[in-house]
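Here's upload-v7.cif, which has mmCIF, C-alpha atoms and all ligand atoms:
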data_input
loop_
_atom_site.label_atom_id
_atom_site.label_comp_id
_atom_site.auth_asym_id
_atom_site.auth_seq_id
_atom_site.Cartn_x
_atom_site.Cartn_y
_atom_site.Cartn_z
CA MET A 3 4.50 17.09 2.70
CA THR A 4 8.12 16.16 3.16
CA GLN A 5 10.15 16.12 6.30
CA THR A 6 13.22 18.27 5.98
CA ASN A 7 16.33 18.73 8.03
CA ASP A 8 15.09 21.75 9.91
CA ASN A 9 12.75 19.59 11.98
CA ALA A 10 13.84 17.04 14.55
CA PRO A 11 13.45 13.47 13.26
CA MET A 12 10.03 11.99 14.02
CA GLY A 13 11.44 8.66 15.20
CA ARG A 14 8.25 6.74 14.51
CA ILE A 15 8.48 2.94 14.78
CA ILE A 16 6.31 0.88 12.43
CA VAL A 17 6.23 -2.91 12.66
CA ILE A 18 5.29 -4.98 9.61
CA THR A 19 3.83 -8.15 11.07
CA SER A 20 1.37 -10.98 10.29
CA GLY A 21 1.68 -14.14 12.33
CA LYS A 22 1.44 -16.32 9.25
CA GLY A 23 4.53 -16.83 7.11
CA GLY A 24 4.96 -15.93 3.48
CA VAL A 25 2.12 -13.41 3.26
CA GLY A 26 4.31 -10.53 2.04
CA LYS A 27 5.84 -8.88 5.13
CA THR A 28 9.33 -8.48 3.72
CA THR A 29 8.00 -7.35 0.34
CA SER A 30 5.86 -4.78 2.16
CA ALA A 31 8.64 -3.63 4.52
CA ALA A 32 10.91 -2.99 1.53
CA ALA A 33 8.22 -1.27 -0.55
CA ILE A 34 6.96 0.89 2.32
CA SER A 35 10.38 1.97 3.56
CA ALA A 36 11.53 2.86 0.04
CA GLY A 37 8.23 4.69 -0.50
CA LEU A 38 8.69 6.72 2.68
CA ALA A 39 12.27 7.59 1.72
CA LYS A 40 11.07 8.62 -1.74
CA GLN A 41 8.69 11.07 -0.07
CA GLY A 42 11.67 12.65 1.66
CA TYR A 43 11.46 10.97 5.06
CA LYS A 44 14.67 9.65 6.57
CA THR A 45 13.91 5.96 6.83
CA VAL A 46 15.64 2.84 8.10
CA VAL A 47 14.34 -0.70 7.67
CA ILE A 48 15.39 -3.41 10.14
CA ASP A 49 15.34 -7.17 9.56
CA PHE A 50 14.14 -8.95 12.74
CA ASP A 51 14.16 -12.41 11.13
CA VAL A 52 17.27 -13.67 12.94
CA GLY A 53 18.80 -16.72 11.26
CA LEU A 54 16.97 -16.20 7.98
CA ARG A 55 18.31 -12.99 6.54
CA ASN A 56 16.24 -12.02 3.49
CA LEU A 57 15.47 -8.33 3.59
CA ASP A 58 18.99 -7.64 2.26
CA MET A 59 18.17 -9.57 -0.93
CA ILE A 60 14.85 -7.81 -1.45
CA MET A 61 16.55 -4.45 -0.89
CA GLY A 62 19.45 -5.46 -3.17
CA CYS A 63 22.25 -4.85 -0.68
CA GLU A 64 23.17 -8.46 0.12
CA ARG A 65 26.70 -8.08 -1.19
CA ARG A 66 27.43 -5.20 1.16
CA VAL A 67 26.52 -6.72 4.52
CA VAL A 68 29.45 -6.48 6.91
CA PHE A 69 28.05 -6.14 10.39
CA ASP A 70 24.49 -6.86 11.49
CA PHE A 71 21.85 -6.11 14.12
CA ILE A 72 23.21 -8.79 16.49
CA ASN A 73 26.80 -7.51 16.15
CA VAL A 74 25.50 -4.12 17.27
CA ILE A 75 23.52 -5.55 20.18
CA GLN A 76 26.52 -7.57 21.33
CA GLY A 77 28.84 -4.60 21.06
CA ASP A 78 30.99 -5.99 18.24
CA ALA A 79 30.11 -3.11 15.95
CA LYS A 80 28.74 0.38 16.15
CA LEU A 81 25.26 0.99 14.76
CA LYS A 82 26.68 3.41 12.20
CA GLN A 83 28.94 0.68 10.85
CA ALA A 84 26.17 -1.87 10.49
CA LEU A 85 23.76 0.43 8.66
CA ILE A 86 23.89 0.01 4.88
CA LYS A 87 23.08 3.16 2.96
CA ASP A 88 20.85 2.54 -0.02
CA LYS A 89 22.56 3.36 -3.32
CA ARG A 90 19.37 4.69 -4.94
CA LEU A 91 17.94 6.85 -2.16
CA GLU A 92 20.28 8.72 0.12
CA ASN A 93 17.81 8.94 3.02
CA LEU A 94 17.18 5.18 3.12
CA ALA A 95 19.23 2.69 5.15
CA VAL A 96 19.01 -1.04 5.90
CA LEU A 97 19.97 -2.78 9.13
CA PRO A 98 20.43 -6.43 8.18
CA THR A 99 19.88 -9.28 10.60
CA SER A 100 22.42 -11.95 11.38
CA GLN A 101 22.59 -15.48 10.03
CA THR A 102 23.28 -16.88 13.48
CA ARG A 103 21.04 -19.62 14.76
CA ASP A 104 21.21 -18.23 18.26
CA LYS A 105 17.92 -16.39 18.51
CA ASP A 106 18.54 -15.46 22.14
CA ALA A 107 21.08 -12.98 20.82
CA LEU A 108 18.13 -10.64 20.32
CA THR A 109 17.45 -9.11 23.74
CA ARG A 110 14.79 -6.62 24.68
CA GLU A 111 17.37 -4.22 26.15
CA GLY A 112 19.54 -4.53 23.05
CA VAL A 113 16.65 -3.90 20.69
CA GLU A 114 15.52 -0.92 22.75
CA ALA A 115 18.99 0.63 22.74
CA VAL A 116 19.29 0.31 18.96
CA LEU A 117 15.80 1.73 18.37
CA ASN A 118 16.47 4.65 20.71
CA GLU A 119 19.65 5.47 18.83
CA LEU A 120 17.86 5.27 15.47
CA LYS A 121 15.09 7.56 16.72
CA GLN A 122 17.65 10.34 17.01
CA ASP A 123 18.31 10.24 13.26
CA TYR A 124 15.33 8.80 11.44
CA ASP A 125 11.76 9.83 10.77
CA TYR A 126 10.57 6.26 10.23
CA ILE A 127 11.98 3.03 11.62
CA VAL A 128 10.35 0.12 9.80
CA CYS A 129 10.66 -3.29 11.50
CA ASP A 130 10.29 -6.37 9.28
CA SER A 131 8.94 -9.05 11.64
CA PRO A 132 9.58 -12.76 11.23
CA ALA A 133 6.58 -15.10 10.96
CA GLY A 134 5.16 -16.69 14.10
CA ILE A 135 4.72 -15.24 17.55
CA GLU A 136 8.05 -16.19 19.08
CA ARG A 137 10.84 -13.97 20.35
CA GLY A 138 11.76 -12.25 17.08
CA ALA A 139 8.16 -11.39 16.23
CA HIS A 140 7.49 -10.27 19.80
CA LEU A 141 10.50 -7.95 19.91
CA ALA A 142 9.75 -6.57 16.44
CA MET A 143 6.34 -5.36 17.67
CA TYR A 144 7.20 -4.58 21.29
CA PHE A 145 8.37 -0.97 20.87
CA ALA A 146 6.14 -0.08 17.92
CA ASP A 147 4.07 3.07 17.62
CA GLU A 148 2.21 1.72 14.63
CA ALA A 149 1.56 -1.71 13.13
CA VAL A 150 0.91 -2.84 9.59
CA VAL A 151 -0.74 -6.25 9.77
CA VAL A 152 -0.11 -7.92 6.43
CA THR A 153 -3.02 -10.20 5.59
CA ASN A 154 -3.97 -12.35 2.60
CA PRO A 155 -7.69 -12.92 1.92
CA GLU A 156 -7.42 -16.50 3.09
CA VAL A 157 -8.64 -18.23 6.27
CA SER A 158 -5.39 -19.06 8.05
CA SER A 159 -3.87 -15.66 7.32
CA VAL A 160 -6.93 -13.82 8.67
CA ARG A 161 -6.98 -16.01 11.76
CA ASP A 162 -3.28 -15.34 12.45
CA SER A 163 -3.76 -11.61 11.89
CA ASP A 164 -6.49 -11.66 14.50
CA ARG A 165 -4.09 -13.36 16.89
CA VAL A 166 -1.41 -10.76 16.18
CA LEU A 167 -3.86 -7.90 16.69
CA GLY A 168 -4.56 -9.38 20.12
CA LEU A 169 -0.84 -9.44 20.94
CA LEU A 170 -0.40 -5.85 19.72
CA SER A 171 -3.00 -4.69 22.18
CA SER A 172 -1.72 -6.70 25.12
CA LYS A 173 1.95 -7.70 24.89
CA THR A 174 3.65 -4.50 23.76
CA LYS A 175 5.23 -1.57 25.53
CA ARG A 176 2.35 0.72 24.68
CA ALA A 177 -0.12 -1.88 25.97
CA GLU A 178 1.83 -2.32 29.20
CA THR A 179 2.34 1.38 29.84
CA GLU A 180 -0.44 2.94 31.84
CA GLY A 181 -2.04 5.86 30.00
CA ALA A 182 -0.12 5.29 26.76
CA GLU A 183 -1.99 5.52 23.50
CA PRO A 184 -2.44 2.03 22.05
CA ILE A 185 -0.49 0.98 18.95
CA LYS A 186 -2.20 2.22 15.81
CA ALA A 187 -2.85 -1.02 13.92
CA GLN A 188 -3.96 -1.19 10.30
CA VAL A 189 -4.52 -4.06 7.92
CA LEU A 190 -2.65 -4.23 4.63
CA LEU A 191 -4.43 -6.68 2.39
CA THR A 192 -1.94 -8.24 -0.01
CA ARG A 193 -2.11 -10.72 -2.88
CA HIS A 194 -5.61 -9.48 -3.61
CA ASP A 195 -7.01 -11.15 -6.73
CA GLN A 196 -10.12 -9.47 -8.12
CA GLY A 197 -10.66 -12.26 -10.65
CA ARG A 198 -10.97 -14.88 -7.94
CA ILE A 199 -13.13 -12.62 -5.81
CA ASP A 200 -15.50 -12.15 -8.75
CA LYS A 201 -15.71 -15.93 -9.08
CA GLY A 202 -16.56 -16.16 -5.38
CA GLU A 203 -13.34 -18.05 -4.66
CA MET A 204 -11.73 -15.42 -2.50
CA MET A 205 -13.02 -13.38 0.44
CA THR A 206 -13.63 -9.75 -0.34
CA VAL A 207 -11.92 -6.83 1.38
CA GLU A 208 -15.18 -6.14 3.22
CA ASP A 209 -15.30 -9.75 4.46
CA VAL A 210 -11.79 -9.50 5.91
CA LEU A 211 -12.37 -6.10 7.49
CA GLU A 212 -15.64 -7.19 9.01
CA ILE A 213 -13.81 -10.00 10.77
CA LEU A 214 -10.72 -8.11 11.88
CA ALA A 215 -12.44 -4.81 12.69
CA VAL A 216 -9.40 -2.56 12.21
CA PRO A 217 -8.83 0.16 9.63
CA LEU A 218 -7.54 -0.71 6.17
CA LEU A 219 -4.17 0.72 5.12
CA GLY A 220 -4.29 -0.52 1.56
CA ILE A 221 -5.04 -3.23 -0.95
CA ILE A 222 -2.05 -4.68 -2.78
CA PRO A 223 -2.98 -6.75 -5.83
CA GLU A 224 -1.42 -10.08 -6.69
CA SER A 225 1.16 -8.88 -9.20
CA GLN A 226 3.93 -10.33 -11.30
CA ALA A 227 5.84 -7.13 -10.67
CA VAL A 228 6.59 -8.37 -7.12
CA LEU A 229 8.60 -11.40 -8.27
CA ARG A 230 10.33 -9.37 -10.96
CA ALA A 231 11.35 -6.71 -8.44
CA SER A 232 12.64 -9.32 -5.99
CA ASN A 233 14.77 -10.89 -8.73
CA THR A 234 16.71 -7.69 -9.15
CA GLY A 235 16.71 -6.62 -5.51
CA THR A 236 14.51 -3.59 -6.08
CA PRO A 237 11.70 -2.58 -3.72
CA VAL A 238 8.57 -2.58 -5.86
CA THR A 239 8.07 1.14 -5.21
CA LEU A 240 11.45 1.87 -6.82
CA ASP A 241 10.94 -0.44 -9.81
CA ASP A 242 9.16 0.26 -13.09
CA PRO A 243 5.59 1.44 -12.48
CA SER A 244 3.20 -1.40 -11.63
CA ALA A 245 -0.17 -1.89 -10.00
CA ALA A 246 1.49 -3.26 -6.87
CA GLY A 247 3.94 -0.35 -6.78
CA ARG A 248 1.12 2.17 -7.07
CA ALA A 249 -0.89 0.42 -4.38
CA TYR A 250 2.10 0.52 -2.02
CA GLU A 251 2.61 4.23 -2.79
CA ASP A 252 -1.02 4.86 -1.82
CA ALA A 253 -0.49 2.94 1.43
CA VAL A 254 2.64 4.98 2.16
CA ALA A 255 0.73 8.23 1.60
CA ARG A 256 -1.95 7.06 4.05
CA LEU A 257 0.73 6.15 6.60
CA THR A 258 2.03 9.70 6.45
CA GLY A 259 -1.45 11.05 7.08
CA GLU A 260 -2.65 11.80 3.57
CA ASP A 261 -6.23 11.06 2.69
CA VAL A 262 -6.05 8.84 -0.39
CA GLU A 263 -9.11 7.20 -1.88
CA MET A 264 -9.02 3.38 -1.63
CA ARG A 265 -8.76 1.74 -5.04
CA VAL A 266 -8.15 -1.75 -6.31
CA ALA A 267 -5.28 -1.57 -8.77
CA SER A 268 -4.65 -4.35 -11.23
CA ASP A 269 -2.09 -5.20 -13.90
CA ARG A 270 -4.68 -7.26 -15.68
CA ARG A 271 -5.62 -5.89 -19.07
CA PRO A 272 -9.24 -6.29 -20.11
CA GLY A 273 -9.82 -9.71 -21.68
CA LEU A 274 -10.28 -10.03 -25.44
CA LEU A 275 -14.03 -10.55 -25.19
CA GLN A 276 -14.37 -7.63 -22.85
CA ARG A 277 -12.49 -5.44 -25.30
CA MET A 278 -14.60 -6.65 -28.25
CA PHE A 279 -17.87 -5.98 -26.52
CA GLY A 280 -16.84 -2.79 -24.89
CA ARG A 281 -17.54 -2.04 -21.29
CA THR A 282 -20.12 -4.71 -20.56
CA ALA A 283 -19.63 -6.39 -17.18
CA MET B 23 17.54 -28.08 -27.45
CA SER B 24 16.73 -27.12 -31.00
CA LEU B 25 14.51 -29.56 -32.83
CA PHE B 26 12.76 -27.87 -35.70
CA GLY B 27 15.12 -25.03 -36.19
CA PHE B 28 13.84 -23.15 -33.17
CA SER B 29 14.67 -23.47 -29.55
CA LEU B 30 12.27 -25.30 -27.30
CA LYS B 31 13.79 -23.73 -24.24
CA PRO B 32 11.72 -20.72 -23.31
CA ARG B 33 13.78 -17.59 -23.55
CA ARG B 34 14.76 -16.65 -20.05
CA PRO B 35 13.42 -13.29 -18.97
CA LYS B 36 16.14 -10.88 -17.93
CA SER B 37 15.21 -10.46 -14.28
CA ALA B 38 15.30 -14.21 -13.66
CA GLN B 39 18.89 -14.31 -14.90
CA THR B 40 19.73 -11.46 -12.53
CA ALA B 41 18.18 -13.42 -9.67
CA LYS B 42 20.29 -16.47 -10.48
CA ASP B 43 23.48 -14.43 -10.76
CA ARG B 44 22.88 -12.68 -7.45
CA LEU B 45 22.18 -15.96 -5.69
CA GLN B 46 25.24 -17.66 -7.13
CA ILE B 47 27.54 -14.93 -5.88
CA LEU B 48 25.91 -14.72 -2.44
CA LEU B 49 25.68 -18.47 -1.86
CA ALA B 50 29.28 -19.03 -2.91
CA HIS B 51 30.26 -16.77 -0.04
CA GLU B 52 27.71 -18.15 2.44
CA ARG B 53 28.55 -21.80 1.84
CA GLY B 54 32.24 -21.23 2.28
CA ALA B 55 32.04 -19.49 5.60
CA GLY B 56 28.64 -20.62 6.87
CA THR B 57 27.69 -16.98 6.64
CA ALA B 58 28.18 -14.22 4.12
CA THR B 59 29.88 -12.10 6.75
CA PRO B 60 33.44 -13.11 7.42
CA ASP B 61 33.75 -13.51 11.20
CA TYR B 62 37.28 -12.10 11.15
CA LEU B 63 35.85 -8.62 10.63
CA PRO B 64 35.18 -7.65 14.26
CA ALA B 65 38.64 -8.95 15.21
CA LEU B 66 40.24 -7.21 12.23
CA GLN B 67 38.57 -3.99 13.29
CA ARG B 68 39.90 -4.31 16.83
CA ASP B 69 43.42 -4.99 15.54
CA ILE B 70 43.34 -2.00 13.21
CA ILE B 71 42.18 0.29 16.00
CA GLU B 72 44.90 -1.02 18.28
CA ALA B 73 47.63 -0.55 15.69
CA ILE B 74 46.57 2.97 14.89
CA ARG B 75 46.16 3.91 18.53
CA ARG B 76 49.85 3.27 19.04
CA HIS B 77 50.40 6.32 16.87
CA VAL B 78 47.30 8.53 17.00
CA LYS B 79 44.40 8.86 19.33
CA ILE B 80 41.23 7.45 17.68
CA GLU B 81 37.92 6.13 18.97
CA PRO B 82 36.25 2.88 17.86
CA ASP B 83 33.69 5.12 16.16
CA ASP B 84 36.31 6.58 13.86
CA ILE B 85 36.69 3.40 11.85
CA ASP B 86 34.27 2.33 9.16
CA ILE B 87 34.58 -0.96 7.30
CA ARG B 88 32.60 -1.46 4.10
CA MET B 89 32.58 -4.53 1.94
CA GLU B 90 31.34 -5.33 -1.53
CA ARG B 91 31.32 -8.99 -2.44
CA GLY B 92 32.03 -9.83 -6.05
CA GLU B 93 32.14 -12.92 -8.22
CA GLU B 94 35.92 -13.20 -8.32
CA VAL B 95 37.08 -10.87 -5.59
CA SER B 96 35.51 -8.90 -2.82
CA SER B 97 36.67 -5.47 -1.87
CA LEU B 98 37.14 -4.21 1.63
CA GLU B 99 37.01 -0.48 2.15
CA ILE B 100 38.33 0.77 5.44
CA ASN B 101 37.89 4.41 6.34
CA ILE B 102 39.61 5.78 9.38
CA GLU B 103 39.09 9.28 10.63
CA VAL B 104 42.28 10.51 12.21
CA PRO B 105 42.48 13.76 14.12
CA ASP B 106 44.47 16.62 12.70
CA ALA B 107 48.17 16.17 13.37
CA SER B 108 48.57 19.78 14.48
CA PRO B 109 49.61 20.19 18.13
CA ARG B 110 46.42 22.06 18.88
CA ALA B 111 44.23 19.20 17.81
CA ARG B 112 46.20 16.79 19.88
CA ALA B 113 45.96 18.79 23.07
N1 LIG A 301 1.40 -8.74 -4.11
C1 LIG A 301 2.07 -9.87 -4.44
N2 LIG A 301 1.91 -10.45 -5.65
C2 LIG A 301 2.59 -11.55 -5.97
N3 LIG A 301 3.46 -12.18 -5.17
C3 LIG A 301 3.68 -11.66 -3.96
C4 LIG A 301 3.00 -10.48 -3.52
N4 LIG A 301 3.44 -10.19 -2.26
C5 LIG A 301 4.34 -11.14 -1.95
N5 LIG A 301 4.50 -12.04 -2.95
C6 LIG A 301 5.39 -13.21 -2.97
O1 LIG A 301 5.12 -13.99 -1.83
C7 LIG A 301 6.30 -14.59 -1.33
C8 LIG A 301 6.48 -14.26 0.14
O2 LIG A 301 6.68 -12.87 0.28
P1 LIG A 301 7.53 -12.27 1.49
O3 LIG A 301 8.88 -12.89 1.57
O4 LIG A 301 7.45 -10.80 1.38
O5 LIG A 301 6.66 -12.79 2.71
P2 LIG A 301 7.00 -12.76 4.26
O6 LIG A 301 5.70 -12.57 4.95
O7 LIG A 301 8.09 -11.80 4.54
O8 LIG A 301 7.54 -14.23 4.50
P3 LIG A 301 8.20 -14.80 5.87
O9 LIG A 301 7.07 -15.03 6.80
O10 LIG A 301 8.86 -16.06 5.44
O11 LIG A 301 9.16 -13.76 6.34
C9 LIG A 301 7.43 -14.07 -2.20
O12 LIG A 301 7.74 -15.03 -3.16
C10 LIG A 301 6.86 -12.83 -2.84
O13 LIG A 301 7.43 -12.58 -4.09
MG MG A 302 9.94 -12.04 5.62
#
Please, can you express the file's structure as structure tokens?
Amino acid sequence: MTQTNDNAPMGRIIVITSGKGGVGKTTSAAAISAGLAKQGYKTVVIDFDVGLRNLDMIMGCERRVVFDFINVIQGDAKLKQALIKDKRLENLAVLPTSQTRDKDALTREGVEAVLNELKQDYDYIVCDSPAGIERGAHLAMYFADEAVVVTNPEVSSVRDSDRVLGLLSSKTKRAETEGAEPIKAQVLLTRHDQGRIDKGEMMTVEDVLEILAVPLLGIIPESQAVLRASNTGTPVTLDDPSAAGRAYEDAVARLTGEDVEMRVASDRRPGLLQRMFGRTA
Amino acid sequence: MSLFGFSLKPRRPKSAQTAKDRLQILLAHERGAGTATPDYLPALQRDIIEAIRRHVKIEPDDIDIRMERGEEVSSLEINIEVPDASPRARA
């Protein structure tokens, strides 16, 4: 199940993308990369959100940023110097983005060179895309082998995911390379709220999948554990057990090729009435 | 505020306090310099390499600068790999 040192690194690039902002990309990038590292895979997670560095806070390494992605691309630092080793998992590293407002600093050649170097050492290279479909988002997906399209069961998020799926199959290296296998894209449904679905207020998983027509990687419930984990700078898969953490672990197992039954996890305890009357409805 | 012998302020959960502390430390650094990363670091690194190269042969790769920002002081950890001083290594 685990990748050990006797094999060459897999060097698989996974982009976490969405189009729409604030749907849970960074939360997912942190949880998935920590989950992969926990399984024994050498993993690095890269922040592509130039100008708005945030992955460092979610990973809890914000006080240790010295050099960043842009410093490496511009030749001011070596990749090795910019990588921050996680203090909890020895096979996990973070490549923070820069706070510079100059987004042109991110070049396709620069990104490719960094990714190629990382492929020599890592099994998984997880790219946390910024929102939108501009330069940063484009470069985050351009070299990907696989895509996790983070989607909330909500109209504008689903629409933007559809847009992003279109870009993945047309404006990426795999799409532009004759004969290359297309990017393997999967939907990760986050902030899923069974209570609201039951009330008919929120689209169901089936509704979303019917529209997007791509495989489902996982269902992450709306969970208070996510805010709590972000407060302390802990990926939710490394924090105390929670429904969201378990759901991300399931998604990670599926990413690595395991066949895990889809389930809707929830932190919600049965309501008082439900408990009084047993298992009715 | 304590009106009837008990506090009206909800007790702050622990993780929220951690969030506030982390932000205060980080933002104190970011506001001062415009960024949390001091921009003298690349230059400092170049200077250190230059100074050491006057004495031993090292590559830019042989230097590793790590930083840990704190509330009061930050620490800078600089690791430099120097080749063995034996004549054989130098040849
Ligand atoms: N499953 C969840 N349950 C509850 N809150 C969540 C969940 N997933 C994400 N959030 C919250 O949603 C907000 C946005 O999350 P996050 O920063 O991961 O989104 P993003 O897509 O990276 O945003 P941006 O587009 O700005 O980069 C955060 O406050 C996060 O705590
Ligand atoms: Mg983000």
Of the listed residues A:Cys129, A:Ile75, A:Met12, A:Leu229, that which approaches ligand MG 302 (chain A) most closely, counting only C-alpha atoms and all ligand atoms =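 For ligand MG 302 (chain A), the nearest of the candidates is A:Cys129.
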Find the residues in chain B near chain A: any atom within 7 Å counts, using only C-alpha atoms. Write them as a PyMOL selection string.
-> chain B and resi 37-38+40-41+48+57+59+64+83+86-91
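Put simply, atom CA of A:Gly37 is 7.6 Å away from atom CA of A:Leu240.
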Polymer residues at most 12 Å from A:Met61, only C-alpha atoms, same-chain spacing of 2 or more positions, as number ranges by chain | A: 28-36, 46-49, 55-59, 63-67, 86-91, 94-98, 231-241
Can I get the residues close to ligand LIG 301 (chain A) as a PyMOL selection string, where close means within 10 Å and we count only C-alpha atoms and all ligand atoms?
-> chain A and resi 18-33+49-51+54-57+60+130-134+152-154+191-195+221-233+238+245-247+249-250
Shell around A:Arg265 at 9 Å using only C-alpha atoms, local window under 2 positions removed, as a PyMOL selection string | chain A and resi 220-221+249+252+262-263+267
Residue list as a list in words for point (41.1, 7.1, 5.9), cut-off 12 Å, all atoms listed in the file | Ile70, Ile74, Ile80, Asp84, Ile85, Asp86, Ile87, Glu99, Ile100, Asn101, Ile102, Glu103, Val104 and Pro105 of chain B
So which residues fall inside 6 Å of (1.0, 2.8, 19.6) if we count all atoms listed in the file? Mind giving them as a ChimeraX atom specification?
-> /A:147-148,176,183-186
Select, from A:Arg14, A:Glu208, A:Leu85, A:Gly138, the residue with the minimum atom-to-atom distance to ligand MG 302 (chain A), counting all atoms listed in the file.
-> A:Gly138
Between atom CA of A:Val74 and atom CA of B:Arg75 - distance in Å to one decimal =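 It comes out at 22.2 Å.
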Distance criterion (all atoms listed in the file): nearest to A:Glu92 out of A:Ala139, A:Leu120, A:Ala39, A:Val150 =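 Looking at the shortest contact to A:Glu92, the residue is A:Ala39.
Among B:Leu98, B:Lys79, B:Asp106, B:Gly92, the residue with the shortest atom-to-atom distance to B:Gln67, counting all atoms listed in the file, is B:Leu98.
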Between atom CA of A:Ala149 and atom CA of A:Arg198, distance in Å (one decimal) =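 Atom CA of A:Arg198 lies at a distance of 27.8 Å from atom CA of A:Ala149.
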Near A:Leu117, within 8 Å and counting all atoms listed in the file, which residues show up once chain neighbours fewer than 4 positions away are dropped, as JSON, numbers by chain?
-> {"A": [113, 121, 127]}
Looking at A:Val52, A:Leu257, A:Ala10, A:Val166, which one is nearest to ligand MG 302 (chain A), with distances taken over all atoms listed in the file?
->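 Once distances to ligand MG 302 (chain A) are computed over all atoms listed in the file, the minimum belongs to A:Val52.
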With a distance cut-off of 6 Å and only C-alpha atoms, select the neighbouring residues of A:Gly13, excluding the residue or stretch itself and same-chain residues fewer than 5 positions from it, and output the selection as a PDB file with C-alpha atoms, in the coordinates of the input.
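Contents of selection-v2.pdb, as written:
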ATOM      1  CA  LYS A 121      15.090   7.560  16.720  1.00  0.00           C
ATOM      2  CA  TYR A 124      15.330   8.800  11.440  1.00  0.00           C
ATOM      3  CA  ASP A 125      11.760   9.830  10.770  1.00  0.00           C
ATOM      4  CA  TYR A 126      10.570   6.260  10.230  1.00  0.00           C
TER       5      TYR A 126
END
Provide stretch 13-18 of chain A of the preceding structure as a file containing all heavy atoms, as a compact mmCIF listing (two decimals), in the first residue's frame.
# COMPACT_ATOMS: atom_id res chain seq x y z
N GLY A 13 6.16 10.84 -8.87
CA GLY A 13 6.12 12.15 -9.51
C GLY A 13 4.79 12.50 -10.13
O GLY A 13 4.72 13.03 -11.24
N ARG A 14 3.71 12.21 -9.44
CA ARG A 14 2.38 12.46 -9.98
C ARG A 14 1.89 13.84 -9.54
O ARG A 14 1.89 14.17 -8.36
CB ARG A 14 1.43 11.37 -9.49
CG ARG A 14 0.20 11.25 -10.34
CD ARG A 14 -0.39 9.87 -10.32
NE ARG A 14 -1.67 9.87 -11.02
CZ ARG A 14 -1.81 9.76 -12.34
NH1 ARG A 14 -0.75 9.64 -13.08
NH2 ARG A 14 -3.01 9.78 -12.90
N ILE A 15 1.45 14.64 -10.52
CA ILE A 15 1.01 16.01 -10.23
C ILE A 15 -0.51 16.07 -10.15
O ILE A 15 -1.21 15.70 -11.10
CB ILE A 15 1.52 16.99 -11.31
CG1 ILE A 15 3.05 16.93 -11.38
CG2 ILE A 15 1.02 18.40 -11.04
CD1 ILE A 15 3.64 17.75 -12.52
N ILE A 16 -1.01 16.53 -9.00
CA ILE A 16 -2.46 16.65 -8.80
C ILE A 16 -2.81 18.11 -8.56
O ILE A 16 -2.27 18.74 -7.64
CB ILE A 16 -2.92 15.83 -7.57
CG1 ILE A 16 -2.53 14.36 -7.72
CG2 ILE A 16 -4.43 15.97 -7.37
CD1 ILE A 16 -2.93 13.51 -6.52
N VAL A 17 -3.69 18.67 -9.36
CA VAL A 17 -4.11 20.05 -9.11
C VAL A 17 -5.44 20.04 -8.36
O VAL A 17 -6.33 19.23 -8.62
CB VAL A 17 -4.24 20.86 -10.43
CG1 VAL A 17 -5.27 20.27 -11.38
CG2 VAL A 17 -4.59 22.33 -10.12
N ILE A 18 -5.54 20.94 -7.35
CA ILE A 18 -6.77 21.12 -6.61
C ILE A 18 -7.35 22.45 -7.11
O ILE A 18 -6.79 23.51 -6.85
CB ILE A 18 -6.52 21.21 -5.08
CG1 ILE A 18 -5.54 20.12 -4.60
CG2 ILE A 18 -7.85 21.18 -4.31
CD1 ILE A 18 -6.06 18.71 -4.63
